[in-house]
>>> print(open('data.txt').read())   # compact mmCIF, C-alpha atoms
# COMPACT_ATOMS: atom_id res chain seq x y z
CA MET A 125 -19.31 -7.51 -15.02
CA TYR A 126 -20.96 -6.96 -18.40
CA TYR A 127 -23.96 -5.43 -16.68
CA LEU A 128 -21.69 -2.73 -15.37
CA TYR A 129 -20.49 -1.90 -18.89
CA ILE A 130 -24.04 -1.87 -20.23
CA ALA A 131 -25.28 0.27 -17.35
CA THR A 132 -22.40 2.71 -17.71
CA GLY A 133 -22.80 2.92 -21.48
CA PHE A 134 -26.51 3.46 -21.14
CA ALA A 135 -26.09 6.16 -18.48
CA LEU A 136 -23.48 7.91 -20.57
CA LEU A 137 -25.66 7.80 -23.67
CA LEU A 138 -28.69 9.09 -21.82
CA SER A 139 -26.66 11.88 -20.29
CA PHE A 140 -25.24 12.76 -23.71
CA ILE A 141 -28.71 12.99 -25.25
CA ILE A 142 -29.96 15.28 -22.49
CA SER A 143 -26.93 17.50 -22.29
CA ARG A 144 -23.69 17.33 -24.17
CA GLU A 145 -22.03 19.89 -21.98
CA LYS A 146 -22.84 18.17 -18.71
CA THR A 147 -21.65 14.84 -20.07
CA PHE A 148 -18.27 16.26 -21.02
CA GLN A 149 -18.11 17.86 -17.63
CA ALA A 150 -18.83 14.48 -16.05
CA ILE A 151 -16.08 12.82 -18.04
CA LYS A 152 -13.71 15.58 -17.04
CA ILE A 153 -14.53 14.99 -13.40
CA ALA A 154 -14.08 11.23 -13.90
CA VAL A 155 -10.64 11.66 -15.45
CA LYS A 156 -9.54 14.18 -12.83
CA ARG A 157 -10.66 12.02 -9.91
CA PHE A 158 -9.10 8.93 -11.43
CA ALA A 159 -5.80 10.69 -12.01
CA ALA A 160 -5.81 12.02 -8.46
CA ILE A 161 -6.15 8.58 -6.89
CA LEU A 162 -4.04 6.67 -9.43
CA PRO A 163 -0.74 6.93 -7.47
CA ALA A 164 -2.43 5.43 -4.41
CA PHE A 165 -3.79 2.61 -6.59
CA VAL A 166 -0.40 1.87 -8.10
CA GLY A 167 1.08 1.83 -4.62
CA MET A 168 -1.57 -0.63 -3.52
CA LEU A 169 -1.00 -2.87 -6.55
CA VAL A 170 2.74 -2.98 -5.90
CA CYS A 171 2.08 -3.98 -2.27
CA VAL A 172 -0.56 -6.54 -3.28
CA SER A 173 1.78 -8.21 -5.74
CA ILE A 174 4.51 -8.55 -3.13
CA VAL A 175 2.24 -9.61 -0.25
CA LEU A 176 0.56 -12.28 -2.38
CA PHE A 177 3.96 -13.66 -3.24
CA LEU A 178 5.09 -13.71 0.39
CA ILE A 179 1.80 -15.21 1.62
CA PRO A 180 0.69 -17.85 -0.88
CA ASP A 181 -2.44 -19.96 -0.39
CA THR A 182 -0.37 -22.87 0.89
CA LEU A 183 0.95 -20.77 3.75
CA ILE A 184 -2.55 -19.64 4.67
CA SER A 185 -3.88 -23.20 4.72
CA HIS A 186 -0.91 -24.30 6.79
CA TYR A 187 -1.55 -21.79 9.57
CA LEU A 188 -5.35 -21.93 9.55
CA GLY A 189 -5.33 -25.69 9.90
CA LYS A 190 -3.59 -25.54 13.27
CA ASN A 191 -5.57 -27.30 15.97
CA ASN A 192 -5.69 -24.48 18.49
CA VAL A 193 -8.85 -22.42 17.84
CA THR A 194 -7.59 -19.15 19.26
CA ILE A 195 -4.38 -19.27 17.29
CA GLY A 196 -6.30 -20.28 14.18
CA ILE A 197 -8.60 -17.27 14.50
CA LEU A 198 -5.73 -14.90 15.18
CA PHE A 199 -3.84 -16.12 12.13
CA ALA A 200 -7.03 -16.02 10.06
CA SER A 201 -7.75 -12.40 10.94
CA PHE A 202 -4.12 -11.47 10.41
CA PHE A 203 -4.01 -13.01 6.93
CA GLY A 204 -7.46 -11.66 6.11
CA SER A 205 -6.43 -8.15 7.07
CA ILE A 206 -3.15 -7.93 5.23
CA THR A 207 -4.12 -9.65 2.00
CA LEU A 208 -6.51 -8.67 -0.73
CA MET A 209 -8.28 -11.34 -2.70
CA PRO A 210 -11.27 -11.28 -4.97
CA GLY A 211 -14.18 -13.43 -3.76
CA PHE A 212 -13.79 -15.88 -6.63
CA ILE A 213 -10.40 -16.89 -5.22
CA ALA A 214 -11.15 -16.50 -1.52
CA PHE A 215 -14.27 -18.65 -1.25
CA PRO A 216 -13.02 -21.65 -3.20
CA LEU A 217 -9.98 -21.49 -0.94
CA CYS A 218 -12.28 -21.43 2.11
CA GLY A 219 -14.20 -24.36 0.65
CA ILE A 220 -11.03 -26.41 0.29
CA LEU A 221 -9.95 -25.53 3.82
CA LEU A 222 -13.35 -26.51 5.16
CA LYS A 223 -12.97 -29.97 3.62
CA LYS A 224 -9.55 -30.22 5.21
CA GLY A 225 -11.22 -29.80 8.58
CA VAL A 226 -10.61 -26.12 9.28
CA LEU A 227 -13.34 -24.77 11.58
CA TYR A 228 -16.15 -22.59 10.28
CA MET A 229 -15.31 -19.90 12.80
CA VAL A 230 -11.73 -19.66 11.61
CA LEU A 231 -12.88 -19.31 8.01
CA SER A 232 -15.44 -16.75 9.10
CA ALA A 233 -12.69 -14.65 10.70
CA PHE A 234 -10.65 -14.99 7.52
CA SER A 235 -13.38 -14.08 5.05
CA THR A 236 -14.82 -11.21 7.12
CA THR A 237 -11.47 -9.53 7.70
CA LEU A 238 -10.64 -10.12 4.07
CA MET A 239 -13.75 -8.17 3.06
CA MET A 240 -13.77 -5.45 5.72
CA VAL A 241 -10.27 -4.78 6.95
CA GLY A 242 -7.94 -3.36 4.35
CA VAL A 243 -4.32 -2.85 5.28
CA LEU A 244 -3.40 -2.78 1.61
CA THR A 245 -6.20 -0.37 0.72
CA TYR A 246 -5.03 1.94 3.52
CA PRO A 247 -3.31 4.44 1.16
CA ILE A 248 -6.51 4.81 -0.86
CA GLU A 249 -8.83 5.05 2.12
CA LYS A 250 -6.52 7.54 3.84
CA LYS A 251 -6.49 9.77 0.78
CA TYR A 252 -10.28 10.03 0.77
CA PHE A 253 -11.13 9.98 4.45
CA GLY A 254 -8.02 10.89 6.41
CA VAL A 255 -5.86 8.84 8.75
CA ARG A 256 -8.12 9.01 11.81
CA LEU A 257 -11.30 7.66 10.24
CA THR A 258 -9.35 5.03 8.30
CA LEU A 259 -7.65 3.67 11.40
CA LEU A 260 -10.83 3.70 13.47
CA ARG A 261 -12.90 2.04 10.78
CA ASN A 262 -10.39 -0.73 10.26
CA ILE A 263 -9.94 -1.41 13.97
CA MET A 264 -13.72 -1.53 14.44
CA SER A 265 -14.04 -3.85 11.47
CA LEU A 266 -11.47 -6.17 12.98
CA PHE A 267 -13.54 -6.39 16.17
CA ILE A 268 -16.70 -6.98 14.17
CA ALA A 269 -14.96 -9.83 12.37
CA LEU A 270 -13.93 -11.40 15.68
CA ILE A 271 -17.49 -11.18 17.01
CA VAL A 272 -18.82 -12.69 13.79
CA ALA A 273 -16.29 -15.51 14.11
CA LEU A 274 -17.35 -16.13 17.71
CA MET A 275 -21.03 -16.24 16.79
CA THR A 276 -20.28 -18.57 13.89
CA GLY A 277 -18.48 -20.85 16.32
CA ILE A 278 -21.44 -20.84 18.68
CA PHE A 279 -24.00 -21.55 15.96
CA PHE A 280 -21.96 -24.36 14.45
CA ARG A 281 -21.34 -25.74 17.95
CA GLU A 282 -17.61 -25.48 17.53
CA ILE A 283 -17.28 -23.83 20.92
CA PHE A 284 -19.30 -24.11 24.15
CA MET B 107 7.58 17.90 -5.86
CA LYS B 108 7.44 16.95 -2.19
CA PRO B 109 10.30 14.85 -0.80
CA ASN B 110 7.70 12.16 -0.06
CA ASP B 111 6.90 11.94 -3.78
CA SER B 112 10.50 11.42 -4.82
CA VAL B 113 10.78 8.54 -2.35
CA LYS B 114 7.69 6.98 -3.93
CA ILE B 115 9.01 7.45 -7.45
CA ALA B 116 12.36 5.96 -6.44
CA GLY B 117 10.56 2.99 -4.87
CA LEU B 118 8.46 2.44 -7.95
CA SER B 119 11.52 2.64 -10.22
CA VAL B 120 13.32 0.03 -8.12
CA TYR B 121 10.22 -2.17 -8.29
CA ILE B 122 9.94 -1.88 -12.07
CA LEU B 123 13.67 -2.45 -12.53
CA PHE B 124 13.46 -5.53 -10.30
CA LEU B 125 10.59 -6.94 -12.40
CA LEU B 126 12.40 -6.27 -15.68
CA ILE B 127 15.59 -7.94 -14.46
CA SER B 128 13.60 -10.86 -13.06
CA PHE B 129 11.85 -11.48 -16.36
CA TYR B 130 15.07 -11.08 -18.33
CA TYR B 131 17.05 -13.52 -16.21
CA GLY B 132 14.14 -15.79 -15.34
CA PHE B 133 14.20 -15.09 -11.59
CA ASN B 134 11.04 -16.90 -10.47
CA PRO B 135 9.97 -14.92 -7.37
CA GLY B 136 10.25 -11.70 -9.37
CA LYS B 137 8.28 -13.20 -12.24
CA GLU B 138 5.53 -14.28 -9.90
CA ILE B 139 5.32 -10.82 -8.32
CA GLY B 140 5.11 -9.37 -11.83
CA ARG B 141 2.30 -11.74 -12.76
CA ASN B 142 0.42 -10.84 -9.54
CA PHE B 143 0.79 -7.18 -10.39
CA PHE B 144 -0.55 -7.57 -13.91
CA SER B 145 -3.48 -9.79 -13.05
CA PHE B 146 -4.62 -7.45 -10.28
CA SER B 147 -4.09 -4.35 -12.43
CA LEU B 148 -6.15 -5.93 -15.16
CA ASP B 149 -8.97 -6.74 -12.75
CA MET B 150 -9.06 -3.15 -11.60
CA LEU B 151 -8.76 -1.65 -15.06
CA LYS B 152 -11.90 -3.58 -15.97
CA LEU B 153 -13.82 -1.89 -13.16
CA LEU B 154 -12.36 1.51 -12.40
CA PRO B 155 -13.13 3.40 -15.63
CA CYS B 156 -16.81 2.51 -15.32
CA ALA B 157 -16.83 3.36 -11.62
CA PHE B 158 -15.28 6.78 -12.20
CA ILE B 159 -17.49 7.62 -15.17
CA LEU B 160 -20.53 6.81 -13.04
CA ILE B 161 -19.09 8.96 -10.26
CA GLY B 162 -18.62 11.80 -12.77
CA LEU B 163 -22.21 11.48 -13.98
CA PHE B 164 -23.39 11.36 -10.39
CA GLU B 165 -21.51 14.57 -9.57
CA VAL B 166 -23.00 16.39 -12.55
CA TRP B 167 -26.58 15.17 -12.48
CA VAL B 168 -27.58 14.30 -8.94
CA LYS B 169 -28.71 17.26 -6.90
CA ARG B 170 -27.35 17.86 -3.44
CA GLU B 171 -30.89 17.96 -2.05
CA THR B 172 -31.61 14.47 -3.37
CA VAL B 173 -28.58 13.02 -1.62
CA GLU B 174 -29.37 14.91 1.55
CA LYS B 175 -32.92 13.64 1.50
CA HIS B 176 -32.04 9.97 1.09
CA PHE B 177 -28.61 9.74 2.72
CA GLY B 178 -28.44 12.85 4.90
CA GLU B 179 -29.23 13.76 8.49
CA GLU B 180 -32.98 13.70 7.83
CA SER B 181 -33.11 10.36 6.06
CA GLY B 182 -33.49 8.39 9.30
CA PHE B 183 -33.61 4.63 9.16
CA ARG B 184 -34.32 4.55 5.42
CA GLY B 185 -30.88 6.01 4.76
CA TYR B 186 -29.26 2.90 6.21
CA ILE B 187 -31.44 0.64 4.09
CA TRP B 188 -30.35 2.57 1.00
CA ALA B 189 -26.74 2.30 2.11
CA LEU B 190 -27.06 -1.48 2.50
CA LEU B 191 -28.72 -1.86 -0.90
CA LEU B 192 -26.17 0.35 -2.62
CA GLY B 193 -23.30 -1.44 -0.88
CA GLY B 194 -24.78 -4.84 -1.71
CA THR B 195 -24.82 -4.02 -5.39
CA THR B 196 -21.45 -2.28 -5.63
CA VAL B 197 -19.07 -4.26 -7.80
CA GLY B 198 -15.47 -4.77 -6.79
CA GLY B 199 -15.27 -4.09 -3.09
CA LEU B 200 -13.63 -1.54 -0.85
CA TYR B 201 -11.42 0.10 -3.43
CA VAL B 202 -14.44 0.96 -5.56
CA SER B 203 -16.65 1.99 -2.65
CA PHE B 204 -14.17 4.54 -1.26
CA PRO B 205 -14.43 6.99 -4.18
CA VAL B 206 -18.21 6.45 -4.37
CA ALA B 207 -18.53 7.09 -0.62
CA TYR B 208 -16.39 10.19 -0.95
CA SER B 209 -18.71 11.56 -3.65
CA LEU B 210 -21.79 10.86 -1.57
CA TYR B 211 -20.23 12.47 1.46
CA GLY B 212 -19.33 15.53 -0.59
CA LYS B 213 -22.99 15.90 -1.54
CA GLY B 214 -24.19 15.93 2.02
CA ALA B 215 -24.65 12.31 3.04
CA LYS B 216 -24.41 11.53 6.73
CA LEU B 217 -21.12 10.01 7.86
CA ALA B 218 -22.78 7.05 9.61
CA ILE B 219 -24.62 6.18 6.40
CA ILE B 220 -21.43 6.46 4.36
CA LEU B 221 -19.63 4.14 6.77
CA THR B 222 -22.53 1.69 6.59
CA TYR B 223 -22.26 1.78 2.81
CA ILE B 224 -18.51 1.06 2.93
CA GLY B 225 -19.08 -1.81 5.34
CA ALA B 226 -21.93 -3.21 3.26
CA SER B 227 -19.84 -3.06 0.09
CA GLY B 228 -17.38 -5.31 1.90
CA ILE B 229 -19.61 -7.84 3.59
CA CYS B 230 -22.87 -8.13 1.70
CA ARG B 231 -22.24 -7.83 -2.00
CA VAL B 232 -25.02 -9.95 -3.44
CA PRO B 233 -23.16 -11.86 -6.19
CA MET B 234 -20.35 -12.64 -3.79
CA ALA B 235 -22.72 -13.86 -1.08
CA ILE B 236 -24.39 -16.21 -3.54
CA PHE B 237 -21.00 -17.51 -4.59
CA GLU B 238 -20.07 -17.90 -0.95
CA THR B 239 -23.08 -20.09 -0.14
CA SER B 240 -22.08 -22.58 -2.81
CA PHE B 241 -18.77 -23.18 -1.06
CA MET B 242 -19.62 -22.62 2.58
CA GLY B 243 -23.31 -23.47 2.80
CA ILE B 244 -26.21 -21.13 3.38
CA LYS B 245 -26.05 -21.36 7.18
CA PHE B 246 -22.56 -19.85 7.19
CA THR B 247 -23.57 -16.92 5.01
CA VAL B 248 -26.78 -16.23 6.93
CA ILE B 249 -24.97 -16.17 10.28
CA ARG B 250 -22.25 -13.96 8.86
CA LEU B 251 -24.73 -11.44 7.46
CA ALA B 252 -27.13 -11.53 10.40
CA VAL B 253 -24.34 -10.79 12.86
CA SER B 254 -22.26 -8.38 10.83
CA ILE B 255 -24.90 -6.09 9.32
CA PRO B 256 -26.31 -4.83 12.66
CA LEU B 257 -22.77 -4.49 14.00
CA VAL B 258 -21.72 -2.48 10.95
CA ILE B 259 -24.67 -0.11 11.36
CA LEU B 260 -24.10 0.30 15.11
CA SER B 261 -20.38 0.85 14.76
CA SER B 262 -20.98 3.35 11.94
CA ILE B 263 -23.32 5.36 14.15
CA ALA B 264 -20.82 5.22 17.02
CA LEU B 265 -17.96 6.33 14.77
CA ASP B 266 -20.07 9.15 13.33
CA ASP B 267 -20.92 10.35 16.84
CA TYR B 268 -17.33 10.19 17.97
CA LEU B 269 -15.92 11.97 14.92
CA THR B 270 -18.64 14.60 14.63
CA LYS B 271 -18.01 15.63 18.23
CA ARG B 272 -14.37 16.06 17.28
CA LYS B 273 -15.19 18.15 14.22
CA TYR B 274 -14.21 15.62 11.61
CA ARG B 275 -13.98 16.57 7.96
CA THR B 276 -12.83 14.35 5.10
CA ARG B 277 -9.28 14.77 3.92
CA GLU B 278 -8.21 15.99 7.30
CA GLY B 279 -5.22 18.25 7.26
CA LYS B 280 -5.48 19.04 3.58
>>> encode(input="data.txt", output="structure tokens")
Amino acid sequence: MYYLYIATGFALLLSFIISREKTFQAIKIAVKRFAAILPAFVGMLVCVSIVLFLIPDTLISHYLGKNNVTIGILFASFFGSITLMPGFIAFPLCGILLKKGVLYMVLSAFSTTLMMVGVLTYPIEKKYFGVRLTLLRNIMSLFIALIVALMTGIFFREIF
Amino acid sequence: MKPNDSVKIAGLSVYILFLLISFYYGFNPGKEIGRNFFSFSLDMLKLLPCAFILIGLFEVWVKRETVEKHFGEESGFRGYIWALLLGGTTVGGLYVSFPVAYSLYGKGAKLAIILTYIGASGICRVPMAIFETSFMGIKFTVIRLAVSIPLVILSSIALDDYLTKRKYRTREGK
């Protein structure tokens, strides 16, 4: 995180030394772009706060721990798609679930959809890339996650 | 103001009112939603200003030709490697990579490469992958990356093909 601040500060300083005008122009663009997307971000944050309340970790562990593999994977991809979690929460959670006996392939479906499929980021993605691309990308990502889960299952000898 | 906007503003007002009442009367579900909102907002406020300043600098300093050369139609296979590297080092995840991808696309990057970048920023961020191995083991991470990266590239190319044939432009209908 600090590297990002240092890098940004350094880039800004360098830019300022080379051209004051261009730097101000850059900051103007930054502010304008940020303001343009801010409503979508606020919308997302409101949804995130409610979804995380409705789907707490305990609920996720409850459904992922079910014995049926198919149902486990379906629930995992569902939860992964509709929630948004930073990695530093998601992976410790996966680690705990693993110790509880949840299959690798179920956790793979969960973590991959968590990272690639964004129902909550939909308003932001739509604003930049339009509805069509957003829908297609997310559907494709869901399929990729299912294939990854399947392969994980095969390699860990959880299926076949 | 569009009617859609007033609905959003009304929704947001109800939300804020609900949080205020919850905190005042100690309604626990409301308090928890409020705490979720603040912790996530804080996380994003730490990242977004930097991300957008870098985007601003990128827009001002980086020439269109440079982007076209490395990320455009002519970049070939190397473009995808760049996209993977850039995605792997993007901090934050999807919500940061969307505006970055939009900037790149505006400067002439190929759609397939942009989509690869977005995918990579989700699945193969380096710090996250390292963190992942400590909880899930290296085998898990290696399988995940080895299967998903080729699939992301292939699906990006397929999506690009499909959308280019149908005359796709960003911000459709705007």
>>> residues_around(input="data.txt", residues="Ser173 (chain A)", least_positions_apart="2", cutoff="12 Å", atoms="all atoms listed in the file", output="VMD selection string")
(chain A and resid 166 to 171 175 to 180 207 to 209 244) or (chain B and resid 121 125 135 to 147)
>>> atom_distance(input="data.txt", atom1="CA of Leu151 (chain B)", atom2="CA of Ala131 (chain A)")
16.8 Å
>>> closest_residue(input="data.txt", among="B:Leu126, B:Lys216, B:Val197, B:Tyr131", to="Glu180 (chain B)", atoms="all atoms listed in the file")
B:Lys216
>>> closest_residue(input="data.txt", among="B:Gly194, B:Gly228, B:Gly185, B:Gly243", to="chain A", atoms="all atoms listed in the file")
B:Gly228
>>> interface_residues(input="data.txt", of="chain A", to="chain B", cutoff="6 Å", atoms="all atoms listed in the file", output="NGL selection string")
:A and (150-151 or 153-154 or 173-174 or 177 or 215 or 219 or 239-240 or 252-254 or 272)
>>> atom_distance(input="data.txt", atom1="CA of Phe148 (chain A)", atom2="CA of Pro163 (chain A)")
24.0 Å
>>> residues_around(input="data.txt", residues="region 255-266 of chain A", least_positions_apart="6", cutoff="7 Å", atoms="only C-alpha atoms", output="JSON, numbers by chain")
{"A": [237, 240, 241, 242, 249]}
>>> atom_distance(input="data.txt", atom1="CA of Gly277 (chain A)", atom2="CA of Thr245 (chain A)")
28.5 Å
